[in-house]
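Colleague: Here you go, run-v5.cif (mmCIF, C-alpha atoms):
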```cif
data_input
#
loop_
_atom_site.label_atom_id
_atom_site.label_comp_id
_atom_site.auth_asym_id
_atom_site.auth_seq_id
_atom_site.Cartn_x
_atom_site.Cartn_y
_atom_site.Cartn_z
CA MET A 7 17.21 -15.21 14.71
CA ALA A 8 18.54 -18.32 12.99
CA ASN A 9 20.15 -18.25 9.54
CA SER A 10 21.18 -14.58 9.77
CA SER A 11 24.12 -15.02 7.39
CA GLY A 12 23.79 -14.17 3.71
CA LYS A 13 26.56 -16.54 2.67
CA ASP A 14 25.67 -18.53 -0.47
CA ARG A 15 22.55 -16.38 -1.05
CA VAL A 16 22.15 -14.47 -4.32
CA PHE A 17 19.39 -11.83 -4.36
CA LEU A 18 17.92 -10.43 -7.57
CA PHE A 19 16.07 -7.13 -7.08
CA LEU A 20 13.36 -6.04 -9.53
CA GLN A 21 11.38 -2.79 -9.22
CA GLY A 22 11.04 -1.21 -5.80
CA PRO A 23 9.32 1.77 -4.17
CA HIS A 24 10.41 5.16 -5.53
CA GLY A 25 13.55 6.35 -3.82
CA PRO A 26 16.70 4.84 -2.27
CA PHE A 27 15.20 2.11 -0.06
CA PHE A 28 16.09 -0.83 -2.31
CA ASN A 29 19.65 0.46 -2.67
CA GLY A 30 20.04 0.65 1.13
CA LEU A 31 18.53 -2.82 1.55
CA ALA A 32 21.00 -4.24 -0.96
CA LYS A 33 23.95 -2.69 0.90
CA MET A 34 22.84 -4.33 4.15
CA LEU A 35 22.39 -7.71 2.45
CA ARG A 36 25.91 -7.47 1.00
CA ARG A 37 27.27 -6.84 4.49
CA SER A 38 25.61 -10.08 5.59
CA GLY A 39 27.67 -11.93 2.97
CA ALA A 40 25.04 -12.13 0.24
CA THR A 41 25.48 -11.31 -3.44
CA VAL A 42 23.02 -8.80 -4.87
CA TRP A 43 21.98 -7.96 -8.44
CA ARG A 44 19.39 -5.53 -9.75
CA VAL A 45 17.37 -5.58 -12.96
CA GLY A 46 16.44 -2.07 -14.09
CA PHE A 47 13.69 -1.34 -16.60
CA ASN A 48 14.08 2.42 -17.01
CA ALA A 49 16.26 5.42 -16.14
CA GLY A 50 14.42 5.93 -12.84
CA ASP A 51 15.39 2.43 -11.69
CA ALA A 52 18.99 3.13 -12.72
CA PHE A 53 19.20 6.48 -10.91
CA PHE A 54 18.22 5.03 -7.53
CA TRP A 55 20.65 2.08 -7.78
CA PHE A 56 24.12 3.33 -6.89
CA ASP A 57 26.21 0.20 -7.57
CA ARG A 58 26.63 0.16 -11.36
CA ARG A 59 28.54 -3.15 -11.30
CA SER A 60 25.47 -5.02 -10.07
CA PHE A 61 22.95 -3.27 -12.34
CA ILE A 62 21.46 -5.30 -15.22
CA ALA A 63 19.59 -3.15 -17.73
CA PHE A 64 16.61 -4.79 -19.38
CA LYS A 65 16.17 -3.03 -22.73
CA ASP A 66 14.20 -5.64 -24.66
CA THR A 67 10.48 -5.72 -25.36
CA PRO A 68 8.05 -6.89 -22.63
CA ASP A 69 7.35 -10.21 -24.38
CA GLN A 70 11.04 -11.07 -24.02
CA TRP A 71 11.08 -10.53 -20.27
CA PRO A 72 10.10 -14.05 -19.03
CA GLY A 73 12.87 -15.69 -21.04
CA ARG A 74 15.38 -13.04 -20.01
CA PHE A 75 14.40 -13.51 -16.35
CA ASP A 76 15.17 -17.22 -16.62
CA GLU A 77 18.55 -16.45 -18.23
CA ILE A 78 19.53 -14.00 -15.48
CA THR A 79 18.52 -16.25 -12.59
CA GLN A 80 20.38 -19.21 -14.06
CA ASP A 81 23.47 -17.23 -15.06
CA LYS A 82 23.83 -15.50 -11.68
CA GLY A 83 22.82 -18.49 -9.57
CA VAL A 84 19.95 -16.54 -8.03
CA THR A 85 18.40 -17.98 -4.86
CA ASP A 86 16.00 -15.14 -3.98
CA ILE A 87 14.09 -12.41 -5.81
CA VAL A 88 13.00 -9.14 -4.19
CA LEU A 89 10.24 -6.87 -5.48
CA TYR A 90 7.66 -4.24 -4.56
CA GLY A 91 4.12 -5.42 -5.27
CA ASP A 92 3.31 -8.66 -7.06
CA VAL A 93 0.71 -7.75 -9.67
CA ARG A 94 2.42 -5.48 -12.24
CA PRO A 95 3.06 -7.70 -15.30
CA ILE A 96 6.85 -7.94 -15.01
CA HIS A 97 6.55 -8.90 -11.35
CA ALA A 98 3.67 -11.33 -11.78
CA GLN A 99 5.61 -13.17 -14.49
CA ALA A 100 8.79 -13.20 -12.40
CA VAL A 101 6.99 -14.52 -9.31
CA GLU A 102 5.39 -17.33 -11.30
CA ARG A 103 8.71 -18.42 -12.81
CA ALA A 104 10.61 -17.99 -9.54
CA LYS A 105 8.18 -20.25 -7.69
CA ALA A 106 8.46 -22.86 -10.44
CA ALA A 107 12.25 -22.74 -10.11
CA GLY A 108 12.16 -23.07 -6.31
CA LEU A 109 13.44 -19.54 -5.59
CA ARG A 110 12.45 -17.58 -2.49
CA VAL A 111 10.17 -14.64 -3.30
CA HIS A 112 10.39 -11.58 -1.03
CA ILE A 113 7.58 -9.06 -1.49
CA PHE A 114 7.39 -5.56 -0.05
CA GLU A 115 4.22 -3.48 -0.03
CA GLU A 116 2.81 -0.44 1.70
CA GLY A 117 1.86 -1.46 5.22
CA TYR A 118 -1.43 -3.14 5.91
CA LEU A 119 -1.24 -0.98 9.05
CA ARG A 120 0.31 2.02 7.34
CA PRO A 121 1.86 4.53 7.62
CA TYR A 122 4.40 3.61 10.30
CA TRP A 123 4.66 -0.01 9.19
CA VAL A 124 5.45 -1.60 5.86
CA THR A 125 4.47 -5.08 4.71
CA TYR A 126 7.02 -7.84 4.17
CA GLU A 127 5.74 -11.24 3.00
CA ARG A 128 6.88 -14.24 1.00
CA ASN A 129 5.31 -15.39 -2.28
CA GLY A 130 2.30 -13.04 -2.33
CA SER A 131 0.74 -9.89 -0.86
CA ASN A 132 -2.71 -8.32 -0.61
CA GLY A 133 -5.15 -10.68 -2.36
CA HIS A 134 -2.35 -13.22 -2.82
CA SER A 135 -1.21 -13.09 0.83
CA ARG A 136 -1.21 -16.12 3.11
CA LEU A 137 -3.47 -14.04 5.36
CA MET A 138 -6.33 -14.68 2.94
CA ASP A 139 -6.50 -18.30 4.13
CA MET A 140 -6.13 -17.66 7.86
CA ARG A 141 -8.88 -17.44 10.44
CA ILE A 142 -8.87 -15.58 13.75
CA SER A 143 -8.66 -18.90 15.62
CA ASP A 144 -5.41 -19.69 13.76
CA MET A 145 -3.97 -16.35 14.80
CA GLU A 146 -4.99 -16.79 18.42
CA LYS A 147 -3.17 -20.11 18.55
CA ALA A 148 -0.01 -18.64 17.00
CA LEU A 149 -0.05 -15.77 19.53
CA GLU A 150 -0.22 -17.99 22.61
CA GLY A 151 3.47 -17.47 23.36
CA ALA A 152 3.64 -13.78 22.41
CA ASP A 153 3.29 -10.96 24.92
CA MET A 154 3.90 -7.77 22.93
CA ASP A 155 1.85 -4.71 23.81
CA THR A 156 -0.12 -3.51 20.81
CA PRO A 157 0.99 -0.01 19.68
CA MET A 158 -1.60 2.71 19.12
CA PRO A 159 -2.54 3.29 15.47
CA PRO A 160 -0.95 6.35 13.86
CA ALA A 161 -3.17 9.26 12.92
CA HIS A 162 -1.39 10.49 9.80
CA TRP A 163 1.02 9.61 7.03
CA GLY A 164 4.56 9.98 8.30
CA ASP A 165 6.52 10.71 5.12
CA MET A 166 4.05 11.84 2.45
CA ARG A 167 6.23 14.73 1.25
CA GLN A 168 9.17 12.40 0.63
CA HIS A 169 6.86 9.93 -1.08
CA VAL A 170 5.65 12.55 -3.54
CA PHE A 171 9.16 13.98 -4.02
CA TYR A 172 10.75 10.63 -4.92
CA GLY A 173 7.88 9.89 -7.29
CA PHE A 174 8.53 13.23 -8.99
CA VAL A 175 12.27 12.51 -9.33
CA TYR A 176 11.69 8.98 -10.61
CA HIS A 177 9.29 10.12 -13.34
CA TRP A 178 11.58 13.01 -14.29
CA PHE A 179 14.32 10.53 -15.17
CA VAL A 180 11.91 8.28 -17.03
CA MET A 181 10.56 11.21 -19.01
CA PHE A 182 13.80 13.00 -19.92
CA LEU A 183 16.64 10.44 -19.71
CA ASN A 184 15.06 7.19 -20.82
CA GLN A 185 16.70 7.00 -24.26
CA GLY A 186 18.51 3.79 -23.29
CA PHE A 187 15.22 2.05 -22.42
CA ARG A 188 13.11 2.76 -25.49
CA ASN A 189 11.08 -0.45 -25.09
CA PHE A 190 10.00 0.34 -21.53
CA LYS A 191 6.24 0.28 -20.97
CA PRO A 192 4.83 1.51 -17.62
CA HIS A 193 2.56 -0.89 -15.73
CA ARG A 194 -0.08 1.86 -15.67
CA ASP A 195 -2.00 3.13 -18.69
CA LEU A 196 -1.13 6.79 -18.12
CA PRO A 197 1.83 8.11 -20.19
CA VAL A 198 4.98 8.90 -18.20
CA THR A 199 4.77 12.57 -19.23
CA ARG A 200 1.35 12.81 -17.62
CA GLU A 201 2.58 10.99 -14.49
CA PHE A 202 5.39 13.54 -14.20
CA GLN A 203 2.97 16.46 -14.62
CA LEU A 204 0.71 15.08 -11.92
CA TYR A 205 3.57 14.63 -9.43
CA LEU A 206 4.81 18.16 -10.15
CA GLN A 207 1.32 19.58 -9.80
CA ARG A 208 0.86 17.79 -6.47
CA LEU A 209 4.17 19.11 -5.13
CA LEU A 210 3.26 22.70 -6.07
CA LEU A 211 -0.31 22.55 -4.80
CA MET A 212 0.24 20.71 -1.51
CA PRO A 213 0.10 23.86 0.69
CA PHE A 214 -3.13 25.10 -0.94
CA GLN A 215 -4.78 21.69 -0.89
CA ALA A 216 -3.94 21.36 2.79
CA ILE A 217 -5.91 24.53 3.50
CA GLU A 218 -8.86 23.33 1.43
CA ARG A 219 -8.76 19.95 3.20
CA ARG A 220 -8.75 21.57 6.60
CA ILE A 221 -11.79 23.71 5.77
CA ALA A 222 -13.72 20.73 4.37
CA THR A 223 -12.88 18.64 7.44
CA LEU A 224 -14.03 21.37 9.83
CA ARG A 225 -17.34 21.70 7.96
CA VAL A 226 -18.01 18.03 8.54
CA ARG A 227 -16.80 17.94 12.13
CA PHE A 228 -18.81 20.99 13.18
CA GLY A 229 -21.81 20.30 10.96
CA GLY A 230 -23.75 18.64 13.78
CA PHE A 231 -25.01 15.78 11.58
CA PRO A 232 -24.38 12.02 11.77
CA PHE A 233 -22.22 10.90 8.86
CA HIS A 234 -20.88 7.81 7.11
CA LEU A 235 -17.41 7.66 5.54
CA ALA A 236 -16.59 6.30 2.10
CA LEU A 237 -12.84 5.62 1.97
CA LEU A 238 -11.60 6.06 -1.58
CA GLN A 239 -8.60 4.47 -3.27
CA LEU A 240 -6.55 5.25 -6.34
CA GLU A 241 -8.23 3.76 -9.39
CA HIS A 242 -4.84 2.69 -10.76
CA ASP A 243 -3.76 1.05 -7.48
CA SER A 244 -3.07 -2.68 -7.74
CA SER A 245 -5.48 -3.58 -4.93
CA PHE A 246 -8.33 -1.85 -6.76
CA GLN A 247 -7.38 -3.14 -10.20
CA GLU A 248 -6.66 -6.76 -9.30
CA HIS A 249 -8.70 -7.47 -6.17
CA SER A 250 -12.02 -5.64 -6.58
CA PRO A 251 -15.26 -6.29 -8.51
CA PHE A 252 -15.24 -2.81 -10.06
CA SER A 253 -13.65 -1.83 -13.36
CA SER A 254 -13.62 1.88 -12.45
CA MET A 255 -13.94 4.09 -9.39
CA THR A 256 -17.12 5.59 -10.88
CA GLU A 257 -18.87 2.22 -10.52
CA PHE A 258 -18.10 2.19 -6.80
CA LEU A 259 -19.17 5.82 -6.37
CA ASP A 260 -22.44 5.17 -8.19
CA LEU A 261 -23.28 2.20 -5.96
CA VAL A 262 -22.48 4.01 -2.72
CA VAL A 263 -24.38 7.21 -3.55
CA ALA A 264 -27.43 5.32 -4.87
CA GLU A 265 -27.71 3.04 -1.82
CA PHE A 266 -27.11 5.90 0.59
CA ALA A 267 -29.85 7.99 -1.05
CA ARG A 268 -32.25 5.05 -0.92
CA SER A 269 -31.52 3.62 2.54
CA ALA A 270 -29.79 6.03 4.93
CA PRO A 271 -31.86 8.10 7.40
CA ALA A 272 -32.75 11.47 5.88
CA HIS A 273 -30.72 13.44 8.44
CA HIS A 274 -27.50 11.46 7.82
CA HIS A 275 -24.70 12.68 5.54
CA LEU A 276 -22.13 10.89 3.37
CA VAL A 277 -18.46 11.93 3.38
CA PHE A 278 -16.08 10.76 0.66
CA LYS A 279 -12.50 10.74 1.93
CA ALA A 280 -9.97 10.84 -0.93
CA HIS A 281 -6.76 8.83 -0.94
CA PRO A 282 -3.75 10.91 0.26
CA LEU A 283 -2.10 10.50 -3.18
CA GLU A 284 -5.18 11.36 -5.23
CA ASP A 285 -3.89 13.55 -8.06
CA GLY A 286 -6.89 14.22 -10.28
CA ARG A 287 -6.17 11.73 -13.06
CA VAL A 288 -9.69 10.42 -12.41
CA PRO A 289 -12.35 13.15 -11.93
CA VAL A 290 -13.55 11.69 -8.64
CA ARG A 291 -14.77 14.93 -7.14
CA ARG A 292 -16.74 15.87 -10.25
CA GLU A 293 -18.34 12.42 -10.40
CA ILE A 294 -19.39 12.59 -6.74
CA ARG A 295 -21.06 15.96 -7.28
CA ARG A 296 -22.87 14.70 -10.38
CA LEU A 297 -24.13 11.55 -8.67
CA ALA A 298 -25.24 13.47 -5.58
CA ARG A 299 -27.24 15.89 -7.75
CA ASP A 300 -28.78 13.06 -9.76
CA HIS A 301 -30.00 11.37 -6.56
CA GLY A 302 -31.24 14.59 -4.96
CA ILE A 303 -28.82 14.56 -2.01
CA ALA A 304 -26.29 17.21 -3.05
CA ASP A 305 -26.65 18.97 0.31
CA ARG A 306 -25.84 15.75 2.21
CA VAL A 307 -22.69 14.64 0.35
CA HIS A 308 -19.19 15.95 1.09
CA TYR A 309 -15.71 15.47 -0.39
CA VAL A 310 -12.52 15.74 1.67
CA ARG A 311 -9.04 15.51 0.19
CA GLY A 312 -6.42 13.15 1.65
CA GLY A 313 -4.74 13.84 4.95
CA LYS A 314 -5.49 12.93 8.53
CA LEU A 315 -8.19 10.29 8.69
CA ALA A 316 -8.48 10.19 12.48
CA GLN A 317 -10.23 13.57 12.71
CA LEU A 318 -13.15 12.20 10.68
CA LEU A 319 -13.10 8.62 11.93
CA ASN A 320 -13.48 9.58 15.56
CA GLU A 321 -17.04 10.79 14.87
CA ALA A 322 -18.15 8.58 11.94
CA ARG A 323 -21.13 6.23 12.24
CA SER A 324 -19.77 3.69 9.74
CA ALA A 325 -17.34 3.32 6.85
CA VAL A 326 -17.47 1.70 3.44
CA THR A 327 -14.61 0.98 1.02
CA VAL A 328 -13.52 -1.38 -1.72
CA ASN A 329 -10.47 -2.81 0.05
CA SER A 330 -8.47 0.17 1.34
CA THR A 331 -5.90 -0.43 4.07
CA ALA A 332 -7.36 2.65 5.77
CA ALA A 333 -10.14 0.29 6.89
CA GLN A 334 -7.72 -0.97 9.57
CA GLN A 335 -8.13 2.35 11.38
CA VAL A 336 -11.90 1.97 11.12
CA LEU A 337 -11.83 -1.47 12.71
CA TRP A 338 -9.43 -0.47 15.46
CA ARG A 339 -11.99 2.09 16.61
CA GLY A 340 -14.83 -0.47 16.57
CA ILE A 341 -16.68 1.32 13.75
CA PRO A 342 -18.89 -0.80 11.45
CA LEU A 343 -17.20 -1.55 8.13
CA LYS A 344 -18.48 -2.73 4.74
CA ILE A 345 -16.07 -3.77 1.95
CA PHE A 346 -16.45 -5.05 -1.61
CA GLY A 347 -13.03 -6.33 -2.70
CA LYS A 348 -10.57 -8.95 -1.53
CA ALA A 349 -8.68 -7.73 1.54
CA VAL A 350 -6.38 -9.30 4.09
CA TYR A 351 -8.65 -8.04 6.89
CA ASP A 352 -11.82 -9.62 5.46
CA GLN A 353 -12.77 -11.68 8.50
CA PRO A 354 -16.40 -12.52 9.35
CA GLU A 355 -15.91 -11.44 12.96
CA PHE A 356 -15.42 -7.79 12.09
CA VAL A 357 -16.37 -7.03 8.46
CA SER A 358 -20.10 -6.58 7.95
CA PRO A 359 -21.89 -9.16 5.75
CA GLN A 360 -24.95 -6.88 5.40
CA PRO A 361 -26.09 -5.64 1.98
CA LEU A 362 -25.17 -1.98 1.59
CA SER A 363 -28.79 -0.85 1.90
CA GLN A 364 -29.11 -2.53 5.31
CA PHE A 365 -25.66 -1.31 6.30
CA PHE A 366 -26.56 2.35 5.79
CA ALA A 367 -29.93 1.86 7.51
CA GLY A 368 -28.38 0.29 10.61
CA ALA A 369 -24.93 -1.25 10.55
CA SER A 370 -23.90 -4.08 12.87
CA ARG A 371 -20.83 -3.44 15.02
CA PRO A 372 -17.62 -5.44 14.58
CA ASP A 373 -16.16 -7.82 17.15
CA ASN A 374 -13.44 -5.53 18.49
CA ARG A 375 -11.72 -8.26 20.49
CA ALA A 376 -11.31 -10.35 17.35
CA TYR A 377 -9.89 -7.38 15.47
CA LYS A 378 -7.36 -6.66 18.21
CA THR A 379 -6.19 -10.27 17.94
CA TYR A 380 -5.85 -9.87 14.19
CA ARG A 381 -3.97 -6.59 14.48
CA ARG A 382 -1.60 -7.95 17.09
CA TYR A 383 -0.91 -10.95 14.85
CA LEU A 384 0.03 -8.66 11.96
CA LEU A 385 2.36 -6.62 14.15
CA GLU A 386 4.12 -9.81 15.27
CA THR A 387 4.54 -11.07 11.70
CA SER A 388 4.34 -9.20 8.39
CA GLN A 389 4.16 -5.59 9.60
CA VAL A 390 7.63 -4.12 10.10
CA GLY A 391 8.18 -0.76 11.77
CA GLY A 392 9.62 1.90 9.47
CA GLY A 393 8.98 3.40 6.05
CA PHE A 394 10.28 3.41 2.48
CA TYR A 395 10.65 7.15 1.96
CA SER A 396 12.02 9.09 4.94
CA ALA A 397 15.64 8.49 6.01
CA ARG A 398 14.61 7.72 9.58
CA GLY A 399 11.92 5.33 8.39
CA ARG A 400 14.39 3.45 6.19
CA ARG A 401 16.89 3.11 9.03
CA GLN A 402 14.28 1.64 11.35
CA LEU A 403 13.00 -0.74 8.69
CA LEU A 404 16.47 -2.07 7.85
CA ARG A 405 17.14 -2.90 11.50
CA HIS A 406 14.58 -5.68 11.35
CA VAL A 407 13.73 -6.68 7.81
CA VAL A 408 17.15 -7.91 6.66
CA ASP A 409 17.21 -10.66 9.29
CA MET A 410 13.62 -11.55 8.34
CA MET A 411 14.71 -11.96 4.72
CA LEU A 412 17.68 -14.13 5.63
CA SER A 413 15.56 -16.41 7.81
CA GLY A 414 14.56 -19.78 6.42
CA GLU A 415 11.02 -19.14 7.64
CA ASP A 416 8.53 -16.54 6.48
CA PRO A 417 7.13 -14.15 9.13
CA TYR A 418 4.07 -16.30 9.82
CA GLU A 419 6.05 -19.53 10.22
CA ALA A 420 8.60 -17.78 12.44
CA LEU A 421 5.94 -16.72 14.93
CA ARG A 422 4.42 -20.19 15.05
CA SER A 423 7.79 -21.88 15.60
CA GLY A 424 8.98 -19.31 18.14
CA THR A 425 11.95 -18.03 16.11
CA ALA A 426 10.54 -14.59 15.26
CA ALA A 427 12.84 -11.74 16.26
CA PRO A 428 11.55 -9.45 19.05
CA ARG A 429 10.08 -6.19 17.77
CA GLN A 430 10.92 -2.87 19.33
CA GLN A 431 8.09 -0.52 20.20
CA LEU A 432 7.57 1.85 17.31
CA ARG A 433 8.88 5.40 17.41
CA LEU A 434 7.48 8.23 15.38
CA ILE A 435 9.04 8.51 11.92
CA LYS A 436 9.32 11.99 10.47
#
```
Translate the structure described by the file into structure tokens.

Modeller:
Amino acid sequence: MANSSGKDRVFLFLQGPHGPFFNGLAKMLRRSGATVWRVGFNAGDAFFWFDRRSFIAFKDTPDQWPGRFDEITQDKGVTDIVLYGDVRPIHAQAVERAKAAGLRVHIFEEGYLRPYWVTYERNGSNGHSRLMDMRISDMEKALEGADMDTPMPPAHWGDMRQHVFYGFVYHWFVMFLNQGFRNFKPHRDLPVTREFQLYLQRLLLMPFQAIERRIATLRVRFGGFPFHLALLQLEHDSSFQEHSPFSSMTEFLDLVVAEFARSAPAHHHLVFKAHPLEDGRVPVRREIRRLARDHGIADRVHYVRGGKLAQLLNEARSAVTVNSTAAQQVLWRGIPLKIFGKAVYDQPEFVSPQPLSQFFAGASRPDNRAYKTYRRYLLETSQVGGGFYSARGRRQLLRHVVDMMLSGEDPYEALRSGTAAPRQQLRLIK
């Protein structure tokens, strides 16, 4: 790949995924010849950044951040900024100012084809991604010279335990050792103490919840009834908050249960599949039970905790979601899909335009060939094999993504111009 040297490049890291991934990425960029700095906003950021000489602590109030960002980028001669997610306030402000100053913006996110891939894009992700303006015909043209075999979709989250563990550690530092960052305000409304409690609770209860999930899944699989899946998201997730028409998860639940009760065949059931990181901060399960009772379908509505989606998807009649990335697994199987929010996979060829009442009564099938083109395009561009949380996942990710960051072209331009690096077939990450 061209331009693989980091000479004369100065990277400024902001907040990253919980854990050591950003620190490892910085080390690799330094080896390429680049200079790297990190702005930390709390004790959790500081703990996972091991080079104290390059750490810049931001201890001012949030309203002072935009001006301070400008000072840092000018003082350090920054050419690139690196961040995880582009919608939390400190990141949204930084992206806006970086673009105005002509800086490259590197954005990491959970994979659009998670869990064994992560997303790497320039300038915007999710509802701000360049994918939002692309059509299937554009992707077909870009793929004319590519011959990669499309990997099978994974059936489970590869490093969920590490994900939860690093979240627990991060919030422990923010809760107990944050005296030097008294002006820090989390990008979520929940207090840090409550975040810590929820991570601890999840760690302790994981074995018991796994048993409960397995029982609930078996009841659905061996129930002998046709069923539709509702794929839930975290209410505080950026995709739900910034790119959906709902102000709360309850609004989505209410709509789905009401339309199912009114329109679905009387022998069909509705299964709500919780997000793998659902921690109870929103009483989703209680709300589902209440709504099912109110609409007289309590015996036809089920709730399954996070975990393996494939076991349910293989037998589902259709699926509905706001804009969950889990919908990619739905489409890969050729199952009808209805969404409500902005999503990178919202293409007319394979996302149903039907009103929800018609969808539950008789959903139209997606164009599976078009989806396979779309999925292959993602795997040749913005989806990079590996993970943020497990050691093996980080190693695999770093093998490819550093050169992508040093390239003068973003992943989509690189494929079109023929300079994209070859991708190795994905190995399981544990």

Colleague: Using all atoms listed in the file, find the one residue out of A:Glu419, A:Leu315, A:Glu241, A:Gly117 that sits nearest to Val288 of chain A.

Modeller: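 With all atoms listed in the file as the atom set, the closest residue is A:Glu241.
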
Colleague: Choose the residue, out of A:Leu224, A:Leu283, A:Leu89, A:Val407, that has the smallest atom-to-atom separation from Ser131 of chain A; count all atoms listed in the file.

Modeller: A:Leu89

Colleague: Work out how far apart atom CA of Ile294 of chain A and atom CA of Leu259 of chain A are and give it in Å to one decimal.

Modeller: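 These atoms are spaced 6.8 Å apart.
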
Colleague: Pick the closest to Arg381 of chain A from A:Glu102, A:Glu146, A:Glu415, A:Asp165: which is it, counting only C-alpha atoms?

Modeller: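 Closest candidate: A:Glu146.
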
Colleague: For the file shown, report as a PyMOL selection string the outcome of the PyMOL selection byres ((chain A and resi 387-402) around 9) at residue level.

Modeller: chain A and resi 23-28+30-31+116-127+164-169+172+382-386+403-407+416-421+426+429-436

Colleague: Could you give me, as a ChimeraX atom specification, the residues within 8 Å of Val101 of chain A, counting only C-alpha atoms and dropping anything in the same chain fewer than 2 positions from it?

Modeller: /A:92,97-99,103-105,111,129

Colleague: Using all atoms listed in the file, can you tell me which of A:Val175, A:Val307, A:Leu149, A:Leu137 comes closest to Arg291 of chain A?

Modeller: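 Under the stated criterion, the closest residue is A:Val307.
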
Colleague: Decode the PyMOL selection byres ((chain A and resi 107) around 12) for the given file into explicit residues and return them as a PDB file with C-alpha atoms, keeping the file's coordinate frame.

Modeller:
```
ATOM      1  CA  PHE A  75      14.400 -13.510 -16.350  1.00  0.00           C
ATOM      2  CA  ASP A  76      15.170 -17.220 -16.620  1.00  0.00           C
ATOM      3  CA  THR A  79      18.520 -16.250 -12.590  1.00  0.00           C
ATOM      4  CA  GLN A  80      20.380 -19.210 -14.060  1.00  0.00           C
ATOM      5  CA  GLY A  83      22.820 -18.490  -9.570  1.00  0.00           C
ATOM      6  CA  VAL A  84      19.950 -16.540  -8.030  1.00  0.00           C
ATOM      7  CA  THR A  85      18.400 -17.980  -4.860  1.00  0.00           C
ATOM      8  CA  ASP A  86      16.000 -15.140  -3.980  1.00  0.00           C
ATOM      9  CA  ILE A  87      14.090 -12.410  -5.810  1.00  0.00           C
ATOM     10  CA  ALA A 100       8.790 -13.200 -12.400  1.00  0.00           C
ATOM     11  CA  VAL A 101       6.990 -14.520  -9.310  1.00  0.00           C
ATOM     12  CA  GLU A 102       5.390 -17.330 -11.300  1.00  0.00           C
ATOM     13  CA  ARG A 103       8.710 -18.420 -12.810  1.00  0.00           C
ATOM     14  CA  ALA A 104      10.610 -17.990  -9.540  1.00  0.00           C
ATOM     15  CA  LYS A 105       8.180 -20.250  -7.690  1.00  0.00           C
ATOM     16  CA  ALA A 106       8.460 -22.860 -10.440  1.00  0.00           C
ATOM     17  CA  GLY A 108      12.160 -23.070  -6.310  1.00  0.00           C
ATOM     18  CA  LEU A 109      13.440 -19.540  -5.590  1.00  0.00           C
ATOM     19  CA  ARG A 110      12.450 -17.580  -2.490  1.00  0.00           C
ATOM     20  CA  VAL A 111      10.170 -14.640  -3.300  1.00  0.00           C
TER      21      VAL A 111
END
```

Colleague: From the list A:Ser245, A:Asn374, A:Gln70, A:Asn29, which residue is nearest His134 of chain A when using only C-alpha atoms?

Modeller: A:Ser245
